[in-house]
$ cat input_30.tsv   # TSV, C-alpha atoms
chain	number	residue	atom	x	y	z
Y	1	MET	CA	1.23	-2.88	-11.63
Y	2	SER	CA	1.21	-2.65	-7.85
Y	3	THR	CA	-1.35	-0.68	-5.84
Y	4	HIS	CA	-0.37	1.60	-2.97
Y	5	LEU	CA	-2.48	3.25	-0.29
Y	6	VAL	CA	-0.99	6.69	0.38
Y	7	THR	CA	-2.53	8.63	3.24
Y	8	GLY	CA	-2.14	12.40	3.36
Y	9	THR	CA	-2.26	12.74	-0.44
Y	10	ALA	CA	-3.56	16.33	-0.21
Y	11	GLY	CA	-0.54	17.13	1.95
Y	12	PHE	CA	2.95	18.30	1.08
Y	13	ILE	CA	4.89	15.03	1.21
Y	14	GLY	CA	1.94	12.79	0.34
Y	15	SER	CA	1.15	14.64	-2.89
Y	16	HIS	CA	4.76	14.48	-4.08
Y	17	TYR	CA	4.99	10.80	-3.20
Y	18	ALA	CA	1.75	9.93	-4.99
Y	19	MET	CA	3.05	11.60	-8.15
Y	20	ARG	CA	6.30	9.68	-7.94
Y	21	LEU	CA	4.39	6.40	-7.86
Y	22	LEU	CA	2.02	7.39	-10.66
Y	23	ARG	CA	4.88	8.44	-12.95
Y	24	GLY	CA	6.37	4.99	-12.37
Y	25	GLY	CA	3.17	3.37	-13.62
Y	26	GLU	CA	1.99	2.29	-10.17
Y	27	ASN	CA	-1.60	2.66	-8.97
Y	28	VAL	CA	-2.39	4.94	-6.03
Y	29	VAL	CA	-5.38	5.11	-3.72
Y	30	GLY	CA	-5.16	8.42	-1.88
Y	31	PHE	CA	-6.77	9.08	1.50
Y	32	ASP	CA	-7.09	12.53	3.08
Y	33	CYS	CA	-9.68	14.49	5.07
Y	34	VAL	CA	-8.58	17.82	3.50
Y	35	ASN	CA	-8.97	19.67	6.79
Y	36	ASP	CA	-8.56	23.43	7.24
Y	37	TYR	CA	-5.39	23.39	9.37
Y	38	TYR	CA	-4.02	25.46	6.48
Y	39	SER	CA	-5.25	26.55	3.03
Y	40	VAL	CA	-7.79	24.07	1.66
Y	41	SER	CA	-7.36	25.59	-1.81
Y	42	LEU	CA	-3.65	24.68	-1.76
Y	43	LYS	CA	-4.56	21.11	-0.82
Y	44	ARG	CA	-7.17	20.95	-3.60
Y	45	ASP	CA	-4.63	22.22	-6.11
Y	46	ARG	CA	-2.19	19.51	-5.06
Y	47	LEU	CA	-4.92	16.93	-5.69
Y	48	LYS	CA	-5.62	18.44	-9.12
Y	49	ARG	CA	-1.93	18.16	-9.92
Y	50	ILE	CA	-1.93	14.48	-8.94
Y	51	ALA	CA	-4.96	13.86	-11.17
Y	52	GLN	CA	-3.17	15.55	-14.07
Y	53	ILE	CA	-0.18	13.23	-13.65
Y	54	ALA	CA	-2.50	10.21	-13.52
Y	55	ALA	CA	-4.05	11.30	-16.83
Y	56	GLU	CA	-0.69	11.24	-18.62
Y	57	PRO	CA	0.14	8.25	-20.88
Y	58	GLY	CA	1.97	5.51	-19.01
Y	59	SER	CA	0.92	6.70	-15.57
Y	60	GLY	CA	-0.82	4.56	-12.99
Y	61	THR	CA	-4.39	5.15	-11.86
Y	62	PHE	CA	-5.38	7.50	-9.04
Y	63	THR	CA	-8.41	7.00	-6.81
Y	64	PHE	CA	-9.10	9.52	-4.06
Y	65	VAL	CA	-11.01	8.89	-0.83
Y	66	GLU	CA	-11.90	11.99	1.18
Y	67	ALA	CA	-12.38	10.85	4.75
Y	68	ASP	CA	-10.95	11.15	8.25
Y	69	LEU	CA	-8.42	8.59	9.48
Y	70	ALA	CA	-10.11	8.66	12.88
Y	71	ASP	CA	-13.27	7.31	11.17
Y	72	GLN	CA	-12.77	3.57	11.62
Y	73	ALA	CA	-15.55	2.64	9.19
Y	74	ALA	CA	-14.03	4.77	6.42
Y	75	VAL	CA	-10.57	3.25	6.92
Y	76	ASP	CA	-11.99	-0.28	7.07
Y	77	LYS	CA	-13.89	0.36	3.83
Y	78	VAL	CA	-10.83	1.48	1.88
Y	79	PHE	CA	-9.04	-1.74	2.89
Y	80	ALA	CA	-12.11	-3.79	1.98
Y	81	ASP	CA	-12.47	-2.10	-1.42
Y	82	HIS	CA	-8.84	-2.46	-2.53
Y	83	LYS	CA	-5.96	-4.92	-2.35
Y	84	PHE	CA	-2.80	-3.04	-1.40
Y	85	ASP	CA	0.75	-4.17	-2.14
Y	86	ARG	CA	2.11	-1.39	0.07
Y	87	VAL	CA	0.74	1.17	2.51
Y	88	VAL	CA	2.57	4.48	3.00
Y	89	HIS	CA	1.07	6.45	5.87
Y	90	LEU	CA	2.01	10.12	5.57
Y	91	ALA	CA	-1.14	11.72	7.02
Y	92	ALA	CA	-0.91	13.36	10.43
Y	93	GLN	CA	-1.77	16.49	12.31
Y	94	ALA	CA	1.49	18.34	11.85
Y	95	GLY	CA	3.06	21.24	13.70
Y	96	VAL	CA	5.03	21.39	16.93
Y	97	ARG	CA	3.68	24.79	17.98
Y	98	TYR	CA	0.05	23.98	17.13
Y	99	SER	CA	0.23	20.94	19.41
Y	100	VAL	CA	0.83	23.22	22.40
Y	101	THR	CA	-2.59	24.85	21.96
Y	102	HIS	CA	-4.59	22.04	20.28
Y	103	PRO	CA	-3.45	18.80	21.96
Y	104	ARG	CA	-6.64	16.78	21.44
Y	105	THR	CA	-6.39	17.18	17.66
Y	106	TYR	CA	-3.16	15.17	17.76
Y	107	VAL	CA	-4.73	12.34	19.72
Y	108	GLN	CA	-7.50	11.89	17.14
Y	109	SER	CA	-5.35	12.18	14.03
Y	110	ASN	CA	-2.00	10.78	15.08
Y	111	LEU	CA	-3.07	8.10	17.55
Y	112	VAL	CA	-6.62	7.04	16.70
Y	113	GLY	CA	-5.89	7.44	12.99
Y	114	PHE	CA	-2.73	5.37	13.24
Y	115	ILE	CA	-4.36	2.48	15.09
Y	116	ASN	CA	-6.99	2.35	12.33
Y	117	ILE	CA	-4.22	2.07	9.72
Y	118	LEU	CA	-2.43	-0.62	11.72
Y	119	GLU	CA	-5.62	-2.63	12.06
Y	120	GLY	CA	-6.35	-2.25	8.36
Y	121	CYS	CA	-2.87	-3.48	7.42
Y	122	ARG	CA	-3.09	-6.35	9.88
Y	123	HIS	CA	-6.40	-7.72	8.66
Y	124	ALA	CA	-5.57	-7.17	4.98
Y	125	ASN	CA	-2.17	-8.90	5.32
Y	126	VAL	CA	-0.37	-5.90	3.80
Y	127	ALA	CA	3.21	-6.77	2.85
Y	128	HIS	CA	4.77	-3.59	4.30
Y	129	LEU	CA	3.63	-0.47	6.16
Y	130	THR	CA	5.91	2.56	5.87
Y	131	TYR	CA	4.93	5.56	8.01
Y	132	ALA	CA	6.08	9.07	8.79
Y	133	SER	CA	7.70	9.69	12.13
Y	134	SER	CA	9.62	12.89	12.87
Y	135	SER	CA	12.97	14.26	14.00
Y	136	SER	CA	10.95	15.84	16.83
Y	137	VAL	CA	11.10	12.52	18.71
Y	138	TYR	CA	14.73	13.30	19.65
Y	139	GLY	CA	13.38	15.99	21.97
Y	140	ALA	CA	15.78	16.82	24.79
Y	141	ASN	CA	18.64	14.76	23.30
Y	142	LYS	CA	21.90	16.68	23.10
Y	143	SER	CA	24.14	14.12	21.39
Y	144	ILE	CA	24.65	15.29	17.80
Y	145	PRO	CA	24.05	14.00	15.16
Y	146	PHE	CA	20.83	12.23	16.14
Y	147	ALA	CA	21.14	8.50	15.50
Y	148	VAL	CA	18.32	5.96	15.25
Y	149	THR	CA	20.07	3.95	17.96
Y	150	ASP	CA	19.62	6.84	20.45
Y	151	ASN	CA	17.10	6.70	23.27
Y	152	VAL	CA	14.12	8.99	22.48
Y	153	ASP	CA	12.14	9.01	25.71
Y	154	HIS	CA	12.12	12.76	26.36
Y	155	PRO	CA	9.88	14.51	23.78
Y	156	LEU	CA	9.34	18.26	24.16
Y	157	SER	CA	5.92	18.56	22.49
Y	158	LEU	CA	2.78	16.48	22.21
Y	159	TYR	CA	3.39	16.28	18.46
Y	160	ALA	CA	6.74	14.59	19.17
Y	161	ALA	CA	5.14	12.33	21.76
Y	162	SER	CA	2.48	11.25	19.25
Y	163	LYS	CA	5.17	10.32	16.72
Y	164	LYS	CA	7.10	8.35	19.32
Y	165	ALA	CA	3.84	6.62	20.21
Y	166	ASN	CA	3.41	5.68	16.53
Y	167	GLU	CA	6.79	3.95	16.59
Y	168	LEU	CA	5.83	2.00	19.71
Y	169	MET	CA	2.44	1.04	18.30
Y	170	ALA	CA	4.05	-0.12	15.06
Y	171	HIS	CA	6.52	-2.28	16.95
Y	172	THR	CA	3.70	-3.95	18.84
Y	173	TYR	CA	2.01	-4.91	15.57
Y	174	SER	CA	5.30	-6.09	14.08
Y	175	HIS	CA	5.82	-8.28	17.14
Y	176	LEU	CA	2.28	-9.60	17.63
Y	177	TYR	CA	1.20	-10.03	14.01
Y	178	GLN	CA	4.49	-10.09	12.08
Y	179	LEU	CA	3.40	-6.96	10.18
Y	180	PRO	CA	6.54	-5.46	8.59
Y	181	THR	CA	6.73	-1.77	9.55
Y	182	THR	CA	9.26	0.96	8.79
Y	183	GLY	CA	9.18	4.35	10.51
Y	184	LEU	CA	10.87	7.33	8.88
Y	185	ARG	CA	12.03	10.28	10.97
Y	186	PHE	CA	11.85	13.26	8.62
Y	187	PHE	CA	14.08	16.28	9.21
Y	188	THR	CA	12.64	19.75	8.32
Y	189	VAL	CA	11.20	19.05	4.88
Y	190	TYR	CA	10.94	21.97	2.43
Y	191	GLY	CA	10.33	22.61	-1.26
Y	192	PRO	CA	7.65	23.54	-3.83
Y	193	TRP	CA	4.03	23.02	-2.73
Y	194	GLY	CA	5.19	23.14	0.91
Y	195	ARG	CA	3.14	23.86	4.01
Y	196	PRO	CA	2.24	27.52	4.71
Y	197	ASP	CA	3.06	27.10	8.42
Y	198	MET	CA	6.70	26.19	7.73
Y	199	ALA	CA	9.55	28.72	8.00
Y	200	LEU	CA	10.45	28.88	4.29
Y	201	PHE	CA	6.86	29.60	3.27
Y	202	LEU	CA	6.29	32.12	6.07
Y	203	PHE	CA	9.56	33.93	5.40
Y	204	THR	CA	9.08	34.10	1.64
Y	205	LYS	CA	5.53	35.45	1.98
Y	206	ALA	CA	6.49	38.06	4.58
Y	207	ILE	CA	9.57	39.27	2.69
Y	208	LEU	CA	7.62	39.70	-0.55
Y	209	GLU	CA	4.93	41.62	1.34
Y	210	GLY	CA	7.50	43.87	3.00
Y	211	ARG	CA	6.74	42.58	6.51
Y	212	ALA	CA	9.28	41.63	9.18
Y	213	ILE	CA	9.96	37.93	9.73
Y	214	ASP	CA	10.01	36.39	13.22
Y	215	VAL	CA	13.44	34.87	13.86
Y	216	PHE	CA	13.30	32.63	16.91
Y	217	ASN	CA	16.24	32.03	19.25
Y	218	HIS	CA	17.76	35.11	17.62
Y	219	GLY	CA	18.63	33.10	14.51
Y	220	GLN	CA	20.93	30.70	16.37
Y	221	MET	CA	18.90	27.54	15.76
Y	222	MET	CA	20.26	24.84	13.45
Y	223	ARG	CA	18.07	22.72	11.17
Y	224	ASP	CA	18.80	19.77	8.91
Y	225	PHE	CA	16.75	21.17	6.01
Y	226	THR	CA	15.81	18.30	3.67
Y	227	TYR	CA	14.51	18.88	0.14
Y	228	ILE	CA	11.22	17.23	-0.79
Y	229	ASP	CA	12.64	15.18	-3.68
Y	230	ASP	CA	15.16	13.61	-1.32
Y	231	ILE	CA	12.41	12.75	1.15
Y	232	VAL	CA	10.34	11.13	-1.62
Y	233	GLU	CA	13.31	9.08	-2.81
Y	234	GLY	CA	13.96	7.87	0.72
Y	235	VAL	CA	10.32	6.91	1.23
Y	236	TYR	CA	10.21	5.12	-2.12
Y	237	ARG	CA	13.30	3.05	-1.44
Y	238	THR	CA	12.38	2.10	2.10
Y	239	SER	CA	8.83	1.16	1.09
Y	240	ALA	CA	10.28	-1.18	-1.54
Y	241	SER	CA	12.64	-2.73	1.03
Y	242	ILE	CA	10.40	-4.75	3.34
Y	243	ALA	CA	11.37	-4.52	7.00
Y	244	ALA	CA	12.89	-7.73	8.33
Y	245	PRO	CA	13.88	-8.97	11.79
Y	246	ASN	CA	17.41	-8.23	12.92
Y	247	PRO	CA	18.98	-11.64	13.70
Y	248	GLN	CA	21.58	-9.95	15.93
Y	249	TRP	CA	18.99	-8.09	18.01
Y	250	SER	CA	19.33	-8.75	21.74
Y	251	GLY	CA	17.02	-7.91	24.62
Y	252	GLN	CA	20.11	-7.56	26.80
Y	253	THR	CA	21.40	-4.64	24.73
Y	254	PRO	CA	18.34	-3.61	22.69
Y	255	ASP	CA	18.82	-1.57	19.51
Y	256	PRO	CA	15.86	0.89	19.39
Y	257	SER	CA	15.92	1.08	15.58
Y	258	THR	CA	15.54	-2.65	14.86
Y	259	SER	CA	13.98	-5.67	16.52
Y	260	ALA	CA	13.59	-9.43	16.57
Y	261	ALA	CA	10.29	-8.50	14.84
Y	262	PRO	CA	10.11	-7.11	11.26
Y	263	TYR	CA	10.55	-3.50	12.38
Y	264	ARG	CA	12.89	-0.70	11.28
Y	265	ILE	CA	13.43	3.00	11.98
Y	266	TYR	CA	15.45	5.35	9.73
Y	267	ASN	CA	16.34	9.02	9.69
Y	268	ILE	CA	15.85	10.92	6.43
Y	269	GLY	CA	17.75	14.20	6.66
Y	270	ASN	CA	20.22	16.19	4.62
Y	271	ASN	CA	23.00	15.35	7.11
Y	272	GLN	CA	24.20	18.99	6.84
Y	273	PRO	CA	22.57	21.24	9.46
Y	274	VAL	CA	22.28	24.92	8.54
Y	275	LYS	CA	22.05	27.86	10.92
Y	276	LEU	CA	18.72	29.70	10.64
Y	277	GLU	CA	20.56	32.95	9.85
Y	278	ARG	CA	22.21	31.30	6.83
Y	279	PHE	CA	18.88	29.85	5.67
Y	280	ILE	CA	17.39	33.35	5.71
Y	281	GLU	CA	20.37	34.66	3.70
Y	282	VAL	CA	19.70	32.05	1.02
Y	283	ILE	CA	16.03	33.09	0.85
Y	284	GLU	CA	17.06	36.75	0.54
Y	285	GLN	CA	19.42	35.88	-2.31
Y	286	ALA	CA	16.75	33.85	-4.13
Y	287	LEU	CA	14.24	36.70	-3.79
Y	288	GLY	CA	16.69	39.53	-4.36
Y	289	ILE	CA	15.22	41.27	-1.29
Y	290	GLU	CA	16.70	41.86	2.17
Y	291	ALA	CA	14.45	40.70	4.99
Y	292	LYS	CA	13.33	42.83	7.92
Y	293	LYS	CA	13.95	40.73	11.02
Y	294	ASN	CA	12.16	40.56	14.36
Y	295	TYR	CA	14.46	38.61	16.70
Y	296	LEU	CA	12.66	36.58	19.36
Y	297	PRO	CA	13.51	34.00	22.05
Y	298	MET	CA	12.90	30.25	21.64
Y	299	GLN	CA	9.29	29.11	21.36
Y	300	MET	CA	7.79	26.50	23.66
Y	301	GLY	CA	8.30	22.97	22.31
Y	302	ASP	CA	11.10	23.89	19.89
Y	303	VAL	CA	14.60	22.41	19.94
Y	304	VAL	CA	17.83	24.30	19.26
Y	305	GLU	CA	19.37	21.91	16.72
Y	306	THR	CA	18.47	18.98	14.51
Y	307	TYR	CA	21.08	16.92	12.67
Y	308	ALA	CA	20.45	13.50	11.15
Y	309	ASP	CA	22.82	10.55	11.23
Y	310	ILE	CA	21.74	8.76	8.03
Y	311	ASP	CA	24.24	5.90	7.98
Y	312	ALA	CA	21.52	3.31	8.67
Y	313	LEU	CA	19.44	4.59	5.74
Y	314	SER	CA	22.44	4.61	3.43
Y	315	GLN	CA	23.44	1.08	4.38
Y	316	ALA	CA	19.90	-0.26	4.03
Y	317	VAL	CA	18.79	1.30	0.73
Y	318	GLY	CA	21.89	2.95	-0.74
Y	319	PHE	CA	20.61	6.52	-0.60
Y	320	ARG	CA	21.75	9.76	1.02
Y	321	PRO	CA	19.89	13.07	0.58
Y	322	ASN	CA	22.15	15.61	-1.12
Y	323	THR	CA	20.21	18.62	-2.44
Y	324	PRO	CA	21.96	21.88	-1.37
Y	325	ILE	CA	19.72	24.48	0.28
Y	326	GLU	CA	20.71	26.99	-2.40
Y	327	THR	CA	19.15	24.73	-5.05
Y	328	GLY	CA	16.10	23.75	-3.01
Y	329	VAL	CA	15.25	27.25	-1.82
Y	330	GLN	CA	15.52	28.66	-5.34
Y	331	ARG	CA	13.10	25.99	-6.62
Y	332	PHE	CA	10.66	26.86	-3.85
Y	333	VAL	CA	10.86	30.59	-4.55
Y	334	ASP	CA	10.33	29.99	-8.27
Y	335	TRP	CA	7.26	27.86	-7.50
Y	336	TYR	CA	5.89	30.37	-4.99
Y	337	ARG	CA	6.16	33.30	-7.36
Y	338	ASP	CA	4.53	31.32	-10.15
Y	339	TYR	CA	1.73	29.88	-7.98
Y	340	TYR	CA	0.85	33.20	-6.31
Y	341	ALA	CA	1.71	35.32	-9.39
Y	342	CYS	CA	3.97	37.65	-7.42
$ encode --input "input_30.tsv" --output "structure tokens"
Amino acid sequence: MSTHLVTGTAGFIGSHYAMRLLRGGENVVGFDCVNDYYSVSLKRDRLKRIAQIAAEPGSGTFTFVEADLADQAAVDKVFADHKFDRVVHLAAQAGVRYSVTHPRTYVQSNLVGFINILEGCRHANVAHLTYASSSSVYGANKSIPFAVTDNVDHPLSLYAASKKANELMAHTYSHLYQLPTTGLRFFTVYGPWGRPDMALFLFTKAILEGRAIDVFNHGQMMRDFTYIDDIVEGVYRTSASIAAPNPQWSGQTPDPSTSAAPYRIYNIGNNQPVKLERFIEVIEQALGIEAKKNYLPMQMGDVVETYADIDALSQAVGFRPNTPIETGVQRFVDWYRDYYAC
């Protein structure tokens, strides 16, 4: 059985990914600081759920390390204590809007934390580092759909800039130390056990409580909503497919998504953008309640539309996300009502 380091295991994507590995009989070492950016009890319950899966017959083992990625000694220790076949780095300070008011938090978590992971992988000779980037890196780009071959030098938030910085840092380590790295640009992930600061969670909670929901850009934004199971499948397949140099890569006409080093970038999105108004309609249908709406202008740092070109992902690992929002939203609503008994 292989052993995987999964950072962010108390988080939304990290907890789902850890369970996927455990159910496949693979061992997981989880790493998370369990901060209070949102409900600590929700994070603890995710960890309990992971432990329950690990206790089932045929599952792999689960070891949890509660520490901060910015703590170099703690990160060094986890690499010294375990031999990892793969590292999947999903921990980060999330949130576009939060980065406008708390910029230094992103430097510590997303930059200092990431260099500690890179150094750990380098010195431990890890076979492959897969890490979470974000669709936010496309920033001011207007060409739709967003392709991994696009230039992404105009981020609109510090969160986006930190994710772009992660891609650059990873490339440096792929080039200097031949560390295979794969960055995954996630597009608006949603589903059961999701983050309370995301639109689906906020809308569902407000509608059930009879409060108005804030609808930014008057509902005219488009998002490539991607169901959590599709994200997990994409992460699993790309982690198993070790990044390799692109023999056709040329410095004369550089492809930003590949390199002469073992470095790759992929989008993971549903490839079917949905207008925010339609997304709200689907939530209303799943709840059986009409929402009260408070229409507002765009928020600072937001983008009008996200839409993933996933051809590179499909060609590389033979997978395309395909869960309809009607299915995914209903699963979230069912989970929410069960978890909060409402």
$ atom_distance --input "input_30.tsv" --atom1 "CA of Asp214 (chain Y)" --atom2 "CA of Val304 (chain Y)"
15.6 Å
$ residues_around --input "input_30.tsv" --residues "region 76-85 of chain Y" --least-positions-apart "4" --cutoff "9 Å" --atoms "only C-alpha atoms" --output "PyMOL selection string"
chain Y and resi 2-5+29+31+65+71-72+116-117+119-121+123-128
$ closest_atom_pairs --input "input_30.tsv" --of "region 115-182 of chain Y" --to "region 237-256 of chain Y" --cutoff "12 Å" --atoms "all atoms listed in the file" --output "tab-separated table"
residue	atom	partner	partner_atom	distance
Y:Val126	CA	Y:Ile242	CA	10.8
Y:Ala127	CA	Y:Ile242	CA	7.5
Y:His128	CA	Y:Ile242	CA	5.8
Y:Leu129	CA	Y:Ser239	CA	7.4
Y:Thr130	CA	Y:Ser239	CA	5.8
Y:Tyr131	CA	Y:Ser239	CA	9.1
Y:Ala132	CA	Y:Ser239	CA	11.4
Y:Ala147	CA	Y:Pro256	CA	10.0
Y:Val148	CA	Y:Pro256	CA	7.0
Y:Thr149	CA	Y:Pro256	CA	5.4
Y:Asp150	CA	Y:Pro256	CA	7.1
Y:Asn151	CA	Y:Pro256	CA	7.1
Y:Val152	CA	Y:Pro256	CA	8.8
Y:Asp153	CA	Y:Pro256	CA	10.9
Y:Lys164	CA	Y:Pro256	CA	11.5
Y:Glu167	CA	Y:Pro256	CA	10.0
Y:Leu168	CA	Y:Pro256	CA	10.1
Y:Ala170	CA	Y:Ala243	CA	11.7
Y:His171	CA	Y:Pro256	CA	10.2
Y:Ser174	CA	Y:Pro245	CA	9.3
Y:His175	CA	Y:Pro245	CA	9.7
Y:Gln178	CA	Y:Pro245	CA	9.5
Y:Leu179	CA	Y:Ala243	CA	8.9
Y:Pro180	CA	Y:Ala243	CA	5.2
Y:Thr181	CA	Y:Ala243	CA	6.0
Y:Thr182	CA	Y:Ala243	CA	6.1
$ atom_distance --input "input_30.tsv" --atom1 "CA of Phe216 (chain Y)" --atom2 "CA of Val96 (chain Y)"
14.0 Å
$ residues_near_point --input "input_30.tsv" --point "(19.9, 18.6, -5.6)" --cutoff "12 Å" --atoms "all atoms listed in the file" --output "ChimeraX atom specification"
/Y:191,226-231,233,270,320-331
$ atom_distance --input "input_30.tsv" --atom1 "CA of Ile310 (chain Y)" --atom2 "CA of Glu277 (chain Y)"
24.3 Å
$ residues_around --input "input_30.tsv" --residues "Ser41 (chain Y)" --least-positions-apart "6" --cutoff "12 Å" --atoms "all atoms listed in the file" --output "VMD selection string"
chain Y and resid 10 to 11 34 to 35 47 to 48 193 196 339
$ residues_near_point --input "input_30.tsv" --point "(6.6, 9.0, 12.8)" --cutoff "6 Å" --atoms "all atoms listed in the file" --output "ChimeraX atom specification"
/Y:132-134,163,166,183,185
$ residues_around --input "input_30.tsv" --residues "Asn271 (chain Y)" --least-positions-apart "2" --cutoff "10 Å" --atoms "only C-alpha atoms" --output "ChimeraX atom specification"
/Y:145-146,187,223-226,267-269,273-274,306-311,320-322
$ closest_residue --input "input_30.tsv" --among "Y:Leu276, Y:Ala55, Y:Ala286, Y:Ile13" --to "Tyr336 (chain Y)" --atoms "all atoms listed in the file"
Y:Ala286
$ closest_residue --input "input_30.tsv" --among "Y:Ser162, Y:Ser135, Y:Thr63, Y:Ser143" --to "Tyr266 (chain Y)" --atoms "only C-alpha atoms"
Y:Ser135
$ closest_residue --input "input_30.tsv" --among "Y:Asn294, Y:Ser257, Y:Ser314, Y:Gln108" --to "Ala206 (chain Y)" --atoms "all atoms listed in the file"
Y:Asn294
$ closest_residue --input "input_30.tsv" --among "Y:His154, Y:Arg337, Y:Lys293, Y:His89" --to "Ser109 (chain Y)" --atoms "all atoms listed in the file"
Y:His89
$ residues_around --input "input_30.tsv" --residues "Leu296 (chain Y)" --least-positions-apart "2" --cutoff "6 Å" --atoms "only C-alpha atoms" --output "short mmCIF file (atom, residue, chain, number, x, y, z; two decimals) with C-alpha atoms, in the coordinates of the input"
data_model
loop_
_atom_site.label_atom_id
_atom_site.label_comp_id
_atom_site.auth_asym_id
_atom_site.auth_seq_id
_atom_site.Cartn_x
_atom_site.Cartn_y
_atom_site.Cartn_z
CA VAL Y 215 13.44 34.87 13.86
CA PHE Y 216 13.30 32.63 16.91
CA ASN Y 217 16.24 32.03 19.25
CA HIS Y 218 17.76 35.11 17.62
#
$ closest_residue --input "input_30.tsv" --among "Y:Tyr37, Y:Tyr236, Y:Tyr98, Y:Phe114" --to "Thr7 (chain Y)" --atoms "only C-alpha atoms"
Y:Phe114
